[in-house]
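Visitor: Provided herewith is a single structure, encoded as structure tokens, for subsequent inquiry.
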Amino acid sequence: MKKLFNILLIAVIVGFSSCDDYLSVDKYLGDMLHQDTIFVRKDYTEQWLWNTYSYMNNKGAEITNKGQSAFIFASDDVFTCDWTMMISKYQNCEYSASQQQNEDRWGWLYEGIRKASQFIYNVDRCRELTSNEREDLRAQARFLRAYYYWMLIKQYGPVPLMPEQGMDISLPYNELALARNTYDECVDYISSEFAKAAQVLPATRPPAWLGQATRGAALAARAKVLLYAASPLYNGNTQLSGLKDDQGRVLISQEYSEEKWAKAAAAAKEVIDLGVYELLTIPPTSSTSPLPKGVPTAAYPFGCGNVDPFESYRQCFNGATTASNNPELILTRQRYSGYDILDIVKHAVPKADLGGWNTVCVSQKQADAYLMCDGKSITSPSTDYPYQYPNKGFTTSASEYPHMPAQVNLMYANREPRFYASVAFNGSVWENLSTTESGKKNLQEFYYKGSNNGKTLSEPDFYIRTGLGLKKYYNPDDSWNTGGSRIYRVEPTIRYADVLLWYAEALNELTSGKTYNITNYGEFGTIEVKREVGSIEDASKTGLRYAFSRVRFRAGLPDLTDAVYNDPNQFRTALKRERQVELFAEACRYFDLRRWKDAPEEEAKPVMGCNVDMMNTDEQRGAFYYPPKAADIPKVWLAKMYLWPLPTGELKRNAKLTQNPGW
């Protein structure tokens with residue numbers, strides 16, 4: 001038998017994996033011999049697809065603790081500091097083609113591609129499924145295959161695309177090798193596959209099928225792929241002219257194309273126009289803090305009224321609002337054993353008293369990115385809501401400032417609600433409500449040297465090296481004490497806030513006065529996009545203000561001024577800050593800084609934080625906070641860190657593969 005489906009091709013080519021199991025040709029011949037049995041029965045056919053979904057987890061997870069992937073901790077915003085400072089290997093570029101740390105997912109994802117392809121070409125054999133059922137399942141497999149390719153190009157840049165019609169396995173091994181496609185070829189294929197899937201997938205699914213692909217998931221993933229393709233790293237980047245295939249073909253476009261931004265904007269607009277998604281908003285209660293001066297009180301989405309900004313943001317991540325009731329979640333991953341979202345929380349929770357690991361810390365840069373509660377920067381606060389340095393003192397009671405107990409430094413007062421939902425400042429309260437242990441609820445925890453959760457000789461690895469911990473994803477009911485329980489939550493892989501910010505970012509990069517008409521995903525019409533400010537009330541949902549203001553109002557902040565909206569440079573700066581805050585600790589920052597080509601400036605700076613060598617004494621307490629001190633987290637930036645190195649094993653198995661520049 002000379003020709004086999006794409007499946008067997010991937011078994012051989014993506015035998016370019018470091019795992020010996022992927023090289024077992026007998027395994028895949030077995031798969032082929034049993035297809036007549038597997039794809040005849042409905043239950044076996046469905047089980048094959050569920051197994052294909054499994055590659056979204058483990059090595060395929062994106063927002064996960066360091067034991068599975070460390071990209072969430074590998075940028076300039078959040079870090080994990082146990083495992084003998086394993087994360088410093090990422091920050092200090094102590095990884096290589098032969099030492100992939102926890103990011104060696106090449107073979108894992110290609111195996112998922114193999115599974116998806118085999119399903120696509122064989123599902124029609126199952127006559128126990130109706131025609132509509134077969135088409136839905138095929139579209140799900142098409143979505144998964146495209147998503148696995150997306151994860152590959154996000155990490156490695158351009159990769160080989162497997163031929164759709166298989167290839168001759170009687171050829172010599174070296175002729176089975178495939179070269180890398182260009183980045184644009186990868187993007188065209190992936191976006192086309194997402195579009196094909198979206199034409200079949202349903203707009204929604206019942207709660208019992210949470211995590212299965214939908215039309216919105218396919219369109220949102222497509223928009224993200226197109227946004228990255230439009231970004232400076234891949235759009236006319238002459239600095240990557242050295243990235244070539246084995247024949248010397250340059251793999252990154254050397255000519256800038258503004259139309260790529262238009263395509264990204266149109267793709268994001270298609271998600272918005274579905275009318276399925278909205279930002280999660282929680283109504284205010286008697287405990288909701290009043291809106292600050294200068295914040296619009298009109299009802300959301302025209303202002304911040306009728307919303308509790310703190311709970312609206314917090315409940316998007318901590319499970320208090322179930323995933324099936326959260327209109328913001330577009331694509332999710334269910335919890336899996338090991339290194340999931342809950343494991344991040346356990347490592348963030350204080351060790352003493354609460355049973356966590358006390359090792360996830362936040363940088364001073366990230367803390368300083370949060371605005372004041374009236375939308376002003378901490379570098380230019382208003383007189384109504386001043387930013388006070390440590391010599392201004394500490395709170396004396398829990399009634400002085402929202403979200404601030406007594407004995408907390410005033411530099412954390414008057415911040416926007418997302419700060420309190422995301423950052424565990426020194427002296428914050430951990431509720432720990434589900435514990436049955438006496439005296440373990442509503443504990444105020446400090447990071448001063450010598451304190452229970454500060455730097456000590458007895459626990460040299462388990463302390464917050466920046467003096468700022470992580471609160472995002474934490475639920476007040478979470479407890480690792482006796483009798484304690486944890487709230488179920490999912491990975492927020494893609495959410496609507498991200499889509500709105502993609503749309504605004506892409507629109508901003510278009511030349512004012514220039515209009516683009518982009519063919520829609522179904523190829524039966526066009527979408528008009530142009531750079532315009534627009535209005536909050538715009539029924540057509542176009543313009544920068546429509547998208548950006550929604551994110552701001554949900555966060556309890558005022559909208560930007562017309563002057564900022566009208567200036568592409570000012571708006572770009574505001575957009576980047578908004579992404580840094582809104583998408584904090586969602587594995588976005590690492591890739592954002594690279595696709596923007598901001599990494600040489602942002603990633604080269606030392607990690608700053610509080611002085612954790614200061615004790616809770618009258619003489620040292622103030623010096624804990626100011627001036628900021630470089631944390632014990634080595635950090636460098638090298639140009640080769642834009643893209644992850646291809647694994648050595650893959651280069652040895654595939655003679656046509658070429659390595660990324662610098663590796």
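Starting from 1 in every chain, residues are counted up; chains themselves are A, B, ... following the order of the structure tokens, and ligands are numbered from 1 as listed.
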Can you list, as a tab-separated table (two decimals) with C-alpha atoms, in the first residue's frame, every protein, DNA or RNA residue that comes within 7 Å of Cys126 in chain A when you count only C-alpha atoms, leaving out same-chain residues fewer than 2 positions away?

Guide:
chain	number	residue	atom	x	y	z
A	39	PHE	CA	-15.36	4.18	12.55
A	40	VAL	CA	-18.34	1.90	12.07
A	41	ARG	CA	-19.63	2.23	15.61
A	42	LYS	CA	-20.94	5.52	16.96
A	123	VAL	CA	-15.97	9.86	10.17
A	124	ASP	CA	-18.17	9.34	7.10
A	128	GLU	CA	-24.77	5.06	13.00
A	129	LEU	CA	-24.36	8.84	13.08

Visitor: Suppose you want the space between CA of Arg180 in chain A and CA of Ser231 in chain A; what is it in Å?

Guide: 20.4 Å

Visitor: Hey, what's within 7 Å of Val581 in chain A if we count only C-alpha atoms and toss same-chain stuff fewer than 3 positions away? As a PyMOL selection string, please?

Guide: chain A and resi 369-370+577-578+584

Visitor: Could you save the residues just selected, with N, CA and C atoms, as a tab-separated table (two decimals), in the first residue's frame?

Guide:
chain	number	residue	atom	x	y	z
A	369	ALA	N	1.09	49.23	37.03
A	369	ALA	CA	0.31	49.40	35.80
A	369	ALA	C	-1.16	49.67	36.09
A	370	TYR	N	-1.63	49.26	37.27
A	370	TYR	CA	-3.03	49.49	37.62
A	370	TYR	C	-3.25	50.97	37.89
A	577	ARG	N	-1.40	49.01	27.85
A	577	ARG	CA	-1.56	48.98	29.29
A	577	ARG	C	-2.84	48.24	29.69
A	578	GLU	N	-3.89	48.46	28.91
A	578	GLU	CA	-5.15	47.78	29.21
A	578	GLU	C	-5.01	46.28	29.09
A	584	PHE	N	-3.94	40.05	32.72
A	584	PHE	CA	-2.86	39.67	33.62
A	584	PHE	C	-2.98	38.20	34.02

Visitor: Would you mind reading off the distance between CA of Pro606 in chain A and CA of Gln155 in chain A, one decimal, in Å?

Guide: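 Spanning CA of Pro606 in chain A to CA of Gln155 in chain A is a straight-line distance of 23.8 Å.
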
Visitor: Find the residues around Ala179 in chain A up to 8 Å (only C-alpha atoms counted), leave out those fewer than 4 positions away in its own chain, and share them as a PyMOL selection string.

Guide: chain A and resi 159-160+245-246+656-658

Visitor: Please produce a file of those selected residues containing N, CA, C and O atoms, as a CSV table (one decimal), in the first residue's frame.

Guide:
chain,number,residue,atom,x,y,z
A,159,VAL,N,5.9,26.4,10.8
A,159,VAL,CA,6.1,25.0,11.0
A,159,VAL,C,5.7,24.3,9.7
A,159,VAL,O,5.0,24.9,8.8
A,160,PRO,N,6.1,23.0,9.6
A,160,PRO,CA,5.6,22.3,8.4
A,160,PRO,C,4.1,22.0,8.5
A,160,PRO,O,3.6,21.6,9.5
A,245,ASP,N,13.9,28.5,5.1
A,245,ASP,CA,13.7,27.0,5.0
A,245,ASP,C,15.0,26.4,4.4
A,245,ASP,O,16.0,27.1,4.2
A,246,ASP,N,15.0,25.1,4.2
A,246,ASP,CA,16.2,24.5,3.7
A,246,ASP,C,16.7,24.9,2.3
A,246,ASP,O,17.8,24.7,1.9
A,656,LYS,N,15.0,18.4,6.6
A,656,LYS,CA,14.6,19.6,5.9
A,656,LYS,C,14.2,20.7,6.9
A,656,LYS,O,14.0,21.9,6.5
A,657,LEU,N,14.1,20.4,8.2
A,657,LEU,CA,13.7,21.4,9.2
A,657,LEU,C,14.9,22.3,9.4
A,657,LEU,O,16.1,21.9,9.4
A,658,THR,N,14.6,23.6,9.6
A,658,THR,CA,15.7,24.6,9.9
A,658,THR,C,15.4,25.2,11.3
A,658,THR,O,14.2,25.3,11.7

Visitor: Could you please write out, as number ranges by chain, every residue of range 103-320 of chain A that DSSP assigns to strand (DSSP E or B)?

Guide: A: 168, 235, 244, 250, 253, 299, 305

Visitor: Write out as a ChimeraX atom specification all residues of range 41-272 of chain A that DSSP puts in helix (DSSP H, G or I) for this structure's backbone.

Guide: /A:42-56,58-60,71-73,88-91,106-125,131-156,173-176,183-198,207-209,215-230,238-240,259-272

Visitor: Tell me which of A:Arg621, A:Arg552, A:Arg205, A:Lys652 sits closest to Leu371 in chain A, counting only C-alpha atoms.

Guide: A:Arg552

Visitor: I'd like the contact shell of Phe119 in chain A - 12 Å cut-off, only C-alpha atoms, skipping same-chain residues fewer than 2 positions apart - returned as a PDB file with C-alpha atoms, in the first residue's frame.

Guide:
ATOM      1  CA  PHE A   5      -3.971   9.151   4.687  1.00  0.00           C
ATOM      2  CA  ASN A   6      -2.388  12.191   6.273  1.00  0.00           C
ATOM      3  CA  ILE A   7      -2.551  10.209   9.474  1.00  0.00           C
ATOM      4  CA  ASP A  31      -4.745   2.248  13.722  1.00  0.00           C
ATOM      5  CA  MET A  32      -5.220   1.915   9.967  1.00  0.00           C
ATOM      6  CA  GLN A  35     -10.396   1.839  11.150  1.00  0.00           C
ATOM      7  CA  ILE A  38     -13.542   1.888  14.942  1.00  0.00           C
ATOM      8  CA  PHE A  39     -15.360   4.178  12.554  1.00  0.00           C
ATOM      9  CA  TYR A  44     -16.004   4.260  19.148  1.00  0.00           C
ATOM     10  CA  THR A  45     -16.106   7.147  16.682  1.00  0.00           C
ATOM     11  CA  GLU A  46     -17.076   9.633  19.385  1.00  0.00           C
ATOM     12  CA  GLN A  47     -14.430   8.254  21.732  1.00  0.00           C
ATOM     13  CA  TRP A  48     -11.818   8.910  19.045  1.00  0.00           C
ATOM     14  CA  LEU A  49     -12.843  12.564  18.921  1.00  0.00           C
ATOM     15  CA  TRP A  50     -12.887  12.911  22.714  1.00  0.00           C
ATOM     16  CA  ASN A  51      -9.369  11.518  22.730  1.00  0.00           C
ATOM     17  CA  THR A  52      -8.424  14.154  20.138  1.00  0.00           C
ATOM     18  CA  TYR A  53      -9.737  16.819  22.511  1.00  0.00           C
ATOM     19  CA  GLY A 112      -3.219  15.760  18.135  1.00  0.00           C
ATOM     20  CA  ILE A 113      -3.113  16.898  14.500  1.00  0.00           C
ATOM     21  CA  ARG A 114      -2.702  13.281  13.416  1.00  0.00           C
ATOM     22  CA  LYS A 115      -5.704  12.207  15.461  1.00  0.00           C
ATOM     23  CA  ALA A 116      -7.840  15.038  14.131  1.00  0.00           C
ATOM     24  CA  SER A 117      -6.877  14.339  10.510  1.00  0.00           C
ATOM     25  CA  TYR A 121     -11.125  11.498   6.706  1.00  0.00           C
ATOM     26  CA  ASN A 122     -12.904   8.568   8.328  1.00  0.00           C
ATOM     27  CA  VAL A 123     -15.967   9.859  10.169  1.00  0.00           C
ATOM     28  CA  ASP A 124     -18.174   9.341   7.103  1.00  0.00           C
ATOM     29  CA  ARG A 125     -17.736   5.583   7.577  1.00  0.00           C
ATOM     30  CA  CYS A 126     -19.894   5.757  10.684  1.00  0.00           C
ATOM     31  CA  ARG A 134     -21.030  13.603  11.267  1.00  0.00           C
ATOM     32  CA  GLU A 135     -20.615  17.134   9.964  1.00  0.00           C
ATOM     33  CA  ASP A 136     -20.623  18.599  13.482  1.00  0.00           C
ATOM     34  CA  LEU A 137     -18.046  16.096  14.712  1.00  0.00           C
ATOM     35  CA  ARG A 138     -15.892  16.646  11.617  1.00  0.00           C
ATOM     36  CA  ALA A 139     -16.019  20.414  12.198  1.00  0.00           C
ATOM     37  CA  GLN A 140     -14.903  19.894  15.790  1.00  0.00           C
ATOM     38  CA  ALA A 141     -11.939  17.836  14.599  1.00  0.00           C
ATOM     39  CA  ARG A 142     -11.136  20.509  12.011  1.00  0.00           C
ATOM     40  CA  PHE A 143     -11.215  23.119  14.776  1.00  0.00           C
ATOM     41  CA  LEU A 144      -8.874  21.038  16.944  1.00  0.00           C
ATOM     42  CA  ARG A 145      -6.417  20.454  14.112  1.00  0.00           C
TER      43      ARG A 145
END

Visitor: Got a sec: who's within 12 Å of range 564-573 of chain A, counting only C-alpha atoms, leaving out chain neighbours fewer than 4 positions off, as an MDAnalysis selection string?

Guide: chainID A and resid 369 501:502 504:512 531:535 543:549 559:560 577:580 596 598

Visitor: Could you write out the selected residues, including C-alpha atoms, as a CSV table (one decimal), in the first residue's frame?

Guide:
chain,number,residue,atom,x,y,z
A,369,ALA,CA,0.3,49.4,35.8
A,501,LEU,CA,-9.3,44.5,22.7
A,502,TRP,CA,-8.1,42.7,19.5
A,504,ALA,CA,-9.7,48.0,19.0
A,505,GLU,CA,-6.0,47.2,18.5
A,506,ALA,CA,-6.4,46.2,14.8
A,507,LEU,CA,-8.6,49.2,14.0
A,508,ASN,CA,-6.1,51.5,15.5
A,509,GLU,CA,-3.4,50.4,13.1
A,510,LEU,CA,-5.4,51.3,10.0
A,511,THR,CA,-4.7,54.6,8.2
A,512,SER,CA,-7.4,57.2,9.0
A,531,ARG,CA,-10.2,53.5,11.8
A,532,GLU,CA,-12.9,55.5,13.5
A,533,VAL,CA,-13.6,56.5,17.1
A,534,GLY,CA,-17.3,55.9,16.9
A,535,SER,CA,-19.6,56.1,19.9
A,543,GLY,CA,-15.3,52.0,16.1
A,544,LEU,CA,-12.6,52.0,18.8
A,545,ARG,CA,-14.9,53.4,21.5
A,546,TYR,CA,-17.5,50.7,21.3
A,547,ALA,CA,-15.0,48.0,22.0
A,548,PHE,CA,-12.6,49.7,24.4
A,549,SER,CA,-15.1,51.5,26.6
A,559,ASP,CA,-13.6,56.0,29.1
A,560,LEU,CA,-10.6,57.5,27.3
A,577,ARG,CA,-1.6,49.0,29.3
A,578,GLU,CA,-5.2,47.8,29.2
A,579,ARG,CA,-4.1,44.4,27.9
A,580,GLN,CA,-1.4,44.2,30.6
A,596,TRP,CA,4.7,43.9,19.4
A,598,ASP,CA,8.5,45.5,22.8

Visitor: Phe317 in chain A: which residues within 10 Å, counting only C-alpha atoms, same-chain residues fewer than 5 positions away excluded, as a PDB file with C-alpha atoms, in the first residue's frame?

Guide:
ATOM      1  CA  SER A 312     -17.532  41.277  37.933  1.00  0.00           C
ATOM      2  CA  THR A 322     -20.037  29.000  36.808  1.00  0.00           C
ATOM      3  CA  ALA A 323     -18.546  28.743  33.350  1.00  0.00           C
ATOM      4  CA  ASN A 326     -20.483  33.262  32.184  1.00  0.00           C
ATOM      5  CA  LEU A 329     -16.096  32.702  28.070  1.00  0.00           C
ATOM      6  CA  ILE A 341      -5.645  26.723  37.368  1.00  0.00           C
ATOM      7  CA  ALA A 421      -9.023  41.251  42.474  1.00  0.00           C
ATOM      8  CA  LYS A 472      -6.380  36.299  40.608  1.00  0.00           C
ATOM      9  CA  TYR A 473      -8.176  32.931  40.329  1.00  0.00           C
ATOM     10  CA  TYR A 474      -8.474  32.696  44.126  1.00  0.00           C
ATOM     11  CA  ASN A 475     -11.971  32.111  45.513  1.00  0.00           C
ATOM     12  CA  ARG A 489     -13.156  26.568  37.707  1.00  0.00           C
ATOM     13  CA  VAL A 490     -12.064  26.320  34.080  1.00  0.00           C
ATOM     14  CA  GLU A 491      -9.215  27.743  32.069  1.00  0.00           C
ATOM     15  CA  PRO A 492     -10.416  31.002  30.430  1.00  0.00           C
TER      16      PRO A 492
END

Visitor: Taking into account only C-alpha atoms, which residue in the set A:Pro207, A:Gly469, A:Gly622, A:Pro476 is nearest to Gly319 in chain A?

Guide: A:Pro476

Visitor: For a test of reading the model, state the distance in Å between CA of Asp632 in chain A and CA of Tyr389 in chain A, rounded to one decimal.

Guide: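 Separating CA of Asp632 in chain A from CA of Tyr389 in chain A is a distance of 23.2 Å.
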